[in-house]
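Novice: The following block contains the structure, expressed as structure tokens.
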Amino acid sequence: MKTAVPCYYHLDVEVSPERVGQVSRILAAHLRHWDLDNLVAPVCRGAELLLRAIDQHARDKHTSIEMWWNGQHLITAFGDEDPELRPDQDLRACLADIAAMSDGWGCCAAETGAKIIWFSQRARAGERVPLVPLPPEPFLSTGLKEPRRHQVAVLAAPAPAGDSLEGSR
């Protein structure tokens, strides 16, 4: 069975309409590198929604994006330091879409006064690891087509009677 190695990625970006697609491609490349191809579509869709909402409503366009993979869940978080951006008002429609397509999501405040919006995706075992073991490969004895015609004892010549080991002691 394949064991997962925890992974982390951090990206600081100045949000603009041109950068939304570029950031989405960067995140997709990291997910493919981590062998999480099945999570590319929902993570990139959520990232595009948040980046477009930040571009539309925030005055401070600087955003930090982080992804954590722990072997079972991928958590994607966006942090911004715009005090006037209100998730409950400005990002309501965006957060409703993210809630519908993710396994979990949330919004919290950091110690510096920044807001962090995160969502998680669970990697299902059936999509990453085959559940049915492969059949064993045949042994050489089962791969033989024709049985031996002579037994091994018949092929070997019998030892002469005077050359026994007991007589030499």
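Here, A, B, ... name the chains of the structure tokens in the order displayed, residue numbers run from 1 inside each chain, and ligands are numbered from 1 in the same displayed order.
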Contacts of region 23-35 of chain A at 10 Å or less, counting only C-alpha atoms, minus same-chain residues fewer than 5 places along, as a ChimeraX atom specification?
Specialist: /A:4-13,15,18,40-41,43-48,51,65-67,69,74,76,128
Novice: For those residues, write N, CA, C and O atoms to a file as a CSV table (one decimal), in the first residue's frame.
Specialist:
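As written to disk, result.csv reads:
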chain,number,residue,atom,x,y,z
A,4,ALA,N,1.4,8.0,2.3
A,4,ALA,CA,1.4,9.4,1.9
A,4,ALA,C,2.5,10.1,2.8
A,4,ALA,O,2.6,9.9,3.9
A,5,VAL,N,3.2,11.0,2.1
A,5,VAL,CA,4.1,11.9,2.7
A,5,VAL,C,3.5,13.2,2.9
A,5,VAL,O,2.9,13.8,2.0
A,6,PRO,N,3.5,13.8,4.2
A,6,PRO,CA,2.9,15.1,4.4
A,6,PRO,C,3.6,16.1,3.5
A,6,PRO,O,4.8,16.1,3.3
A,7,CYS,N,2.8,17.0,2.9
A,7,CYS,CA,3.3,18.1,2.0
A,7,CYS,C,2.8,19.4,2.4
A,7,CYS,O,1.7,19.5,3.0
A,8,TYR,N,3.6,20.5,2.1
A,8,TYR,CA,3.2,21.8,2.4
A,8,TYR,C,3.6,22.7,1.3
A,8,TYR,O,4.7,22.6,0.7
A,9,TYR,N,2.8,23.7,0.9
A,9,TYR,CA,3.1,24.7,-0.1
A,9,TYR,C,2.6,26.1,0.3
A,9,TYR,O,1.5,26.2,0.8
A,10,HIS,N,3.4,27.1,0.1
A,10,HIS,CA,3.0,28.5,0.4
A,10,HIS,C,3.3,29.4,-0.8
A,10,HIS,O,4.3,29.3,-1.5
A,11,LEU,N,2.3,30.3,-1.1
A,11,LEU,CA,2.5,31.2,-2.2
A,11,LEU,C,1.9,32.5,-1.8
A,11,LEU,O,0.8,32.7,-1.3
A,12,ASP,N,2.7,33.6,-1.9
A,12,ASP,CA,2.2,35.0,-1.7
A,12,ASP,C,1.9,35.6,-3.1
A,12,ASP,O,2.8,35.4,-4.0
A,13,VAL,N,0.8,36.2,-3.2
A,13,VAL,CA,0.4,36.7,-4.6
A,13,VAL,C,-0.3,38.0,-4.4
A,13,VAL,O,-1.0,38.3,-3.4
A,15,VAL,N,-3.2,39.8,-6.0
A,15,VAL,CA,-4.3,39.4,-6.8
A,15,VAL,C,-4.7,40.4,-7.8
A,15,VAL,O,-4.8,41.6,-7.6
A,18,GLU,N,-5.6,38.9,-14.1
A,18,GLU,CA,-4.7,38.1,-14.9
A,18,GLU,C,-4.0,37.0,-14.1
A,18,GLU,O,-3.7,35.9,-14.6
A,40,VAL,N,-7.6,18.3,-8.1
A,40,VAL,CA,-7.2,19.5,-8.9
A,40,VAL,C,-8.5,20.3,-9.2
A,40,VAL,O,-8.5,21.5,-8.9
A,41,ALA,N,-9.5,19.7,-9.7
A,41,ALA,CA,-10.7,20.5,-10.1
A,41,ALA,C,-11.4,21.2,-8.9
A,41,ALA,O,-11.6,22.4,-9.0
A,43,VAL,N,-10.2,22.0,-5.9
A,43,VAL,CA,-9.3,23.0,-5.3
A,43,VAL,C,-9.1,24.2,-6.1
A,43,VAL,O,-9.1,25.4,-5.7
A,44,CYS,N,-8.9,24.0,-7.4
A,44,CYS,CA,-8.7,25.2,-8.3
A,44,CYS,C,-10.0,26.0,-8.5
A,44,CYS,O,-9.9,27.2,-8.6
A,45,ARG,N,-11.1,25.3,-8.5
A,45,ARG,CA,-12.4,26.0,-8.5
A,45,ARG,C,-12.6,26.9,-7.3
A,45,ARG,O,-12.9,28.1,-7.4
A,46,GLY,N,-12.3,26.4,-6.1
A,46,GLY,CA,-12.4,27.1,-4.9
A,46,GLY,C,-11.4,28.3,-4.8
A,46,GLY,O,-11.7,29.4,-4.4
A,47,ALA,N,-10.2,28.0,-5.3
A,47,ALA,CA,-9.2,29.1,-5.4
A,47,ALA,C,-9.6,30.2,-6.3
A,47,ALA,O,-9.4,31.4,-6.0
A,48,GLU,N,-10.1,29.9,-7.5
A,48,GLU,CA,-10.6,30.9,-8.4
A,48,GLU,C,-11.7,31.7,-7.8
A,48,GLU,O,-11.7,32.9,-8.0
A,51,LEU,N,-10.1,34.1,-5.1
A,51,LEU,CA,-9.3,35.1,-5.7
A,51,LEU,C,-10.1,36.1,-6.4
A,51,LEU,O,-9.8,37.3,-6.4
A,65,ILE,N,-1.5,32.1,0.1
A,65,ILE,CA,-2.2,30.9,-0.1
A,65,ILE,C,-1.3,29.7,0.4
A,65,ILE,O,-0.1,29.7,0.2
A,66,GLU,N,-1.9,28.9,1.2
A,66,GLU,CA,-1.1,27.7,1.7
A,66,GLU,C,-1.9,26.4,1.5
A,66,GLU,O,-3.2,26.5,1.6
A,67,MET,N,-1.2,25.4,1.2
A,67,MET,CA,-1.9,24.1,1.0
A,67,MET,C,-1.1,23.1,1.9
A,67,MET,O,0.1,23.0,1.9
A,69,TRP,N,-1.1,18.9,2.9
A,69,TRP,CA,-1.6,17.5,2.7
A,69,TRP,C,-1.1,16.7,3.8
A,69,TRP,O,0.1,16.6,4.0
A,74,LEU,N,-6.6,17.5,2.3
A,74,LEU,CA,-5.9,18.6,1.7
A,74,LEU,C,-6.6,19.8,2.2
A,74,LEU,O,-7.8,20.0,2.0
A,76,THR,N,-6.7,23.9,2.1
A,76,THR,CA,-6.2,25.1,1.3
A,76,THR,C,-6.7,26.3,2.0
A,76,THR,O,-7.9,26.4,2.4
A,128,ARG,N,-7.2,6.5,-4.9
A,128,ARG,CA,-5.7,6.6,-4.8
A,128,ARG,C,-5.0,5.3,-4.8
A,128,ARG,O,-3.9,5.1,-5.2
Novice: Need the shell around region 103-115 of chain A: protein/DNA/RNA residues with any atom at most 9 Å away, counting only C-alpha atoms. Skip same-chain ones fewer than 2 positions apart. Format as a list in words?
Specialist: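 Result of the neighbour search: Ile75, Phe78, Gly79, Asp80, Glu81, Asp82, Pro83, Leu85, Pro87, Leu95, Ile98, Ala99, Ala100, Met101, Ile117, Trp118, Phe119, Ser120, Gln121 and Arg122 of chain A.
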Novice: Since we have the selection now, will you write its residues out, keeping all heavy atoms, as a short mmCIF file (atom, residue, chain, number, x, y, z; two decimals), in the first residue's frame?
Specialist:
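Wrote it out as out15.cif, contents follow:
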data_model
loop_
_atom_site.label_atom_id
_atom_site.label_comp_id
_atom_site.auth_asym_id
_atom_site.auth_seq_id
_atom_site.Cartn_x
_atom_site.Cartn_y
_atom_site.Cartn_z
N ILE A 75 -5.86 20.71 2.92
CA ILE A 75 -6.43 21.96 3.42
C ILE A 75 -5.81 23.09 2.62
O ILE A 75 -4.58 23.19 2.52
CB ILE A 75 -6.16 22.14 4.92
CG1 ILE A 75 -6.78 21.00 5.71
CG2 ILE A 75 -6.69 23.50 5.40
CD1 ILE A 75 -6.39 20.96 7.16
N PHE A 78 -6.49 30.72 2.53
CA PHE A 78 -6.20 32.03 1.95
C PHE A 78 -6.21 33.04 3.08
O PHE A 78 -7.18 33.12 3.85
CB PHE A 78 -7.27 32.42 0.93
CG PHE A 78 -7.26 31.57 -0.30
CD1 PHE A 78 -7.79 30.29 -0.29
CD2 PHE A 78 -6.70 32.04 -1.46
CE1 PHE A 78 -7.77 29.49 -1.40
CE2 PHE A 78 -6.68 31.26 -2.59
CZ PHE A 78 -7.21 29.97 -2.57
N GLY A 79 -5.15 33.83 3.19
CA GLY A 79 -5.06 34.85 4.23
C GLY A 79 -4.90 36.21 3.61
O GLY A 79 -4.15 36.40 2.66
N ASP A 80 -5.65 37.19 4.13
CA ASP A 80 -5.50 38.56 3.67
C ASP A 80 -5.52 39.48 4.88
O ASP A 80 -5.99 39.10 5.95
CB ASP A 80 -6.61 38.94 2.68
CG ASP A 80 -7.95 39.09 3.35
OD1 ASP A 80 -8.61 38.04 3.55
OD2 ASP A 80 -8.33 40.22 3.70
N GLU A 81 -5.01 40.68 4.72
CA GLU A 81 -4.93 41.62 5.83
C GLU A 81 -5.77 42.87 5.61
O GLU A 81 -5.51 43.90 6.22
CB GLU A 81 -3.46 41.99 6.06
CG GLU A 81 -2.64 40.77 6.36
CD GLU A 81 -1.45 41.06 7.23
OE1 GLU A 81 -1.37 42.13 7.83
OE2 GLU A 81 -0.58 40.18 7.28
N ASP A 82 -6.77 42.78 4.75
CA ASP A 82 -7.64 43.92 4.50
C ASP A 82 -8.71 43.97 5.59
O ASP A 82 -9.58 43.10 5.65
CB ASP A 82 -8.30 43.77 3.12
CG ASP A 82 -9.04 45.03 2.70
OD1 ASP A 82 -9.18 45.96 3.53
OD2 ASP A 82 -9.48 45.07 1.55
N PRO A 83 -8.67 44.99 6.47
CA PRO A 83 -9.65 45.03 7.57
C PRO A 83 -11.07 45.33 7.10
O PRO A 83 -12.03 45.06 7.81
CB PRO A 83 -9.11 46.15 8.47
CG PRO A 83 -8.27 46.99 7.60
CD PRO A 83 -7.73 46.10 6.52
N LEU A 85 -12.51 44.03 4.34
CA LEU A 85 -13.12 42.89 3.65
C LEU A 85 -13.86 42.04 4.67
O LEU A 85 -13.27 41.50 5.60
CB LEU A 85 -12.03 42.06 2.95
CG LEU A 85 -12.54 40.87 2.14
CD1 LEU A 85 -13.39 41.34 0.98
CD2 LEU A 85 -11.36 40.06 1.63
N PRO A 87 -16.06 38.79 5.33
CA PRO A 87 -16.52 37.52 4.76
C PRO A 87 -18.03 37.32 4.86
O PRO A 87 -18.64 36.76 3.96
CB PRO A 87 -15.78 36.46 5.58
CG PRO A 87 -14.61 37.16 6.13
CD PRO A 87 -15.03 38.59 6.34
N LEU A 95 -18.42 32.04 -0.41
CA LEU A 95 -18.31 31.05 0.66
C LEU A 95 -19.42 30.00 0.59
O LEU A 95 -19.21 28.84 0.94
CB LEU A 95 -18.32 31.74 2.02
CG LEU A 95 -17.09 32.60 2.31
CD1 LEU A 95 -17.22 33.30 3.66
CD2 LEU A 95 -15.83 31.78 2.26
N ILE A 98 -18.15 27.52 -1.97
CA ILE A 98 -17.05 26.73 -1.40
C ILE A 98 -17.60 25.70 -0.41
O ILE A 98 -17.16 24.55 -0.39
CB ILE A 98 -16.01 27.65 -0.76
CG1 ILE A 98 -15.22 28.36 -1.87
CG2 ILE A 98 -15.08 26.87 0.15
CD1 ILE A 98 -14.25 29.37 -1.40
N ALA A 99 -18.58 26.10 0.39
CA ALA A 99 -19.17 25.16 1.34
C ALA A 99 -19.85 24.00 0.62
O ALA A 99 -19.82 22.86 1.09
CB ALA A 99 -20.17 25.89 2.23
N ALA A 100 -20.45 24.27 -0.53
CA ALA A 100 -21.15 23.22 -1.27
C ALA A 100 -20.19 22.22 -1.91
O ALA A 100 -20.55 21.05 -2.07
CB ALA A 100 -22.03 23.85 -2.34
N MET A 101 -18.99 22.63 -2.25
CA MET A 101 -18.09 21.73 -2.98
C MET A 101 -16.93 21.20 -2.16
O MET A 101 -16.12 20.44 -2.67
CB MET A 101 -17.54 22.44 -4.22
CG MET A 101 -16.69 23.62 -3.93
SD MET A 101 -16.20 24.36 -5.47
CE MET A 101 -14.53 24.72 -5.10
N ILE A 117 -9.39 32.22 5.38
CA ILE A 117 -10.50 31.42 4.87
C ILE A 117 -9.89 30.13 4.36
O ILE A 117 -8.94 30.14 3.58
CB ILE A 117 -11.24 32.15 3.73
CG1 ILE A 117 -11.81 33.47 4.25
CG2 ILE A 117 -12.33 31.27 3.15
CD1 ILE A 117 -12.36 34.37 3.18
N TRP A 118 -10.42 29.00 4.82
CA TRP A 118 -9.86 27.72 4.45
C TRP A 118 -10.96 26.76 4.03
O TRP A 118 -12.13 26.93 4.39
CB TRP A 118 -9.06 27.12 5.61
CG TRP A 118 -9.86 26.87 6.84
CD1 TRP A 118 -10.07 27.74 7.87
CD2 TRP A 118 -10.61 25.70 7.15
NE1 TRP A 118 -10.89 27.17 8.81
CE2 TRP A 118 -11.24 25.91 8.40
CE3 TRP A 118 -10.83 24.48 6.51
CZ2 TRP A 118 -12.06 24.97 8.99
CZ3 TRP A 118 -11.63 23.53 7.11
CH2 TRP A 118 -12.23 23.78 8.34
N PHE A 119 -10.59 25.78 3.25
CA PHE A 119 -11.49 24.68 2.91
C PHE A 119 -10.67 23.42 2.77
O PHE A 119 -9.48 23.46 2.51
CB PHE A 119 -12.33 24.98 1.66
CG PHE A 119 -11.55 25.22 0.41
CD1 PHE A 119 -11.25 24.18 -0.46
CD2 PHE A 119 -11.11 26.50 0.08
CE1 PHE A 119 -10.54 24.40 -1.62
CE2 PHE A 119 -10.40 26.73 -1.08
CZ PHE A 119 -10.12 25.68 -1.94
N SER A 120 -11.33 22.29 2.99
CA SER A 120 -10.60 21.02 2.95
C SER A 120 -11.28 20.06 1.97
O SER A 120 -12.48 20.12 1.74
CB SER A 120 -10.52 20.38 4.34
OG SER A 120 -11.79 19.98 4.77
N GLN A 121 -10.47 19.19 1.43
CA GLN A 121 -10.93 18.13 0.54
C GLN A 121 -10.35 16.83 1.06
O GLN A 121 -9.16 16.75 1.37
CB GLN A 121 -10.44 18.36 -0.90
CG GLN A 121 -10.97 19.62 -1.54
CD GLN A 121 -12.43 19.51 -1.89
OE1 GLN A 121 -12.94 18.44 -2.17
NE2 GLN A 121 -13.12 20.64 -1.85
N ARG A 122 -11.16 15.81 1.13
CA ARG A 122 -10.71 14.50 1.57
C ARG A 122 -10.36 13.68 0.34
O ARG A 122 -11.11 13.66 -0.63
CB ARG A 122 -11.81 13.83 2.38
CG ARG A 122 -11.46 12.48 2.93
CD ARG A 122 -12.56 11.88 3.78
NE ARG A 122 -13.87 12.02 3.20
CZ ARG A 122 -14.88 12.68 3.76
NH1 ARG A 122 -14.73 13.26 4.92
NH2 ARG A 122 -16.04 12.75 3.16
#
Novice: So how many Å separate CA of Glu84 (chain A) and CA of Leu50 (chain A), to one decimal?
Specialist: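 Taking CA of Glu84 (chain A) and CA of Leu50 (chain A), their separation equals 15.8 Å.
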Novice: Which value, in Å to one decimal, gives the distance between CA of His57 (chain A) and CA of Ala93 (chain A)?
Specialist: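 Interatomic distance, CA of His57 (chain A) to CA of Ala93 (chain A): 12.3 Å.
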Novice: Skipping near chain neighbours, those fewer than 3 positions away, what residues fall within 8 Å of Arg52 (chain A) using only C-alpha atoms, listed as a PyMOL selection string?
Specialist: chain A and resi 17+20+48-49+55-56
Novice: Quick one: write out the picked residues with all heavy atoms as a short mmCIF file (atom, residue, chain, number, x, y, z; two decimals), in the first residue's frame?
Specialist:
data_model
loop_
_atom_site.label_atom_id
_atom_site.label_comp_id
_atom_site.auth_asym_id
_atom_site.auth_seq_id
_atom_site.Cartn_x
_atom_site.Cartn_y
_atom_site.Cartn_z
N PRO A 17 -6.95 40.19 -11.99
CA PRO A 17 -7.68 39.26 -12.86
C PRO A 17 -6.76 38.36 -13.69
O PRO A 17 -7.09 37.20 -13.94
CB PRO A 17 -8.50 40.18 -13.77
CG PRO A 17 -8.64 41.45 -13.00
CD PRO A 17 -7.39 41.58 -12.18
N VAL A 20 -5.34 35.20 -11.58
CA VAL A 20 -6.24 34.15 -11.09
C VAL A 20 -5.97 32.83 -11.81
O VAL A 20 -5.79 31.79 -11.18
CB VAL A 20 -7.72 34.57 -11.25
CG1 VAL A 20 -8.66 33.42 -10.94
CG2 VAL A 20 -8.03 35.76 -10.34
N GLU A 48 -10.11 29.86 -7.46
CA GLU A 48 -10.56 30.89 -8.41
C GLU A 48 -11.70 31.72 -7.83
O GLU A 48 -11.73 32.95 -7.99
CB GLU A 48 -10.97 30.25 -9.73
CG GLU A 48 -9.80 29.72 -10.54
CD GLU A 48 -10.23 28.97 -11.78
OE1 GLU A 48 -11.47 28.85 -12.03
OE2 GLU A 48 -9.34 28.49 -12.50
N LEU A 49 -12.65 31.07 -7.16
CA LEU A 49 -13.76 31.80 -6.54
C LEU A 49 -13.26 32.81 -5.51
O LEU A 49 -13.67 33.97 -5.52
CB LEU A 49 -14.72 30.82 -5.88
CG LEU A 49 -15.63 29.99 -6.78
CD1 LEU A 49 -16.34 28.92 -5.97
CD2 LEU A 49 -16.63 30.89 -7.48
N ASP A 55 -10.28 40.02 -5.39
CA ASP A 55 -9.98 41.04 -6.39
C ASP A 55 -11.12 42.05 -6.49
O ASP A 55 -10.89 43.25 -6.64
CB ASP A 55 -9.71 40.40 -7.75
CG ASP A 55 -9.37 41.43 -8.80
OD1 ASP A 55 -8.48 42.27 -8.55
OD2 ASP A 55 -10.00 41.41 -9.87
N GLN A 56 -12.34 41.58 -6.39
CA GLN A 56 -13.50 42.46 -6.55
C GLN A 56 -13.76 43.32 -5.31
O GLN A 56 -14.12 44.48 -5.44
CB GLN A 56 -14.73 41.62 -6.86
CG GLN A 56 -15.98 42.41 -7.12
CD GLN A 56 -17.16 41.51 -7.45
OE1 GLN A 56 -17.07 40.29 -7.38
NE2 GLN A 56 -18.28 42.12 -7.80
#
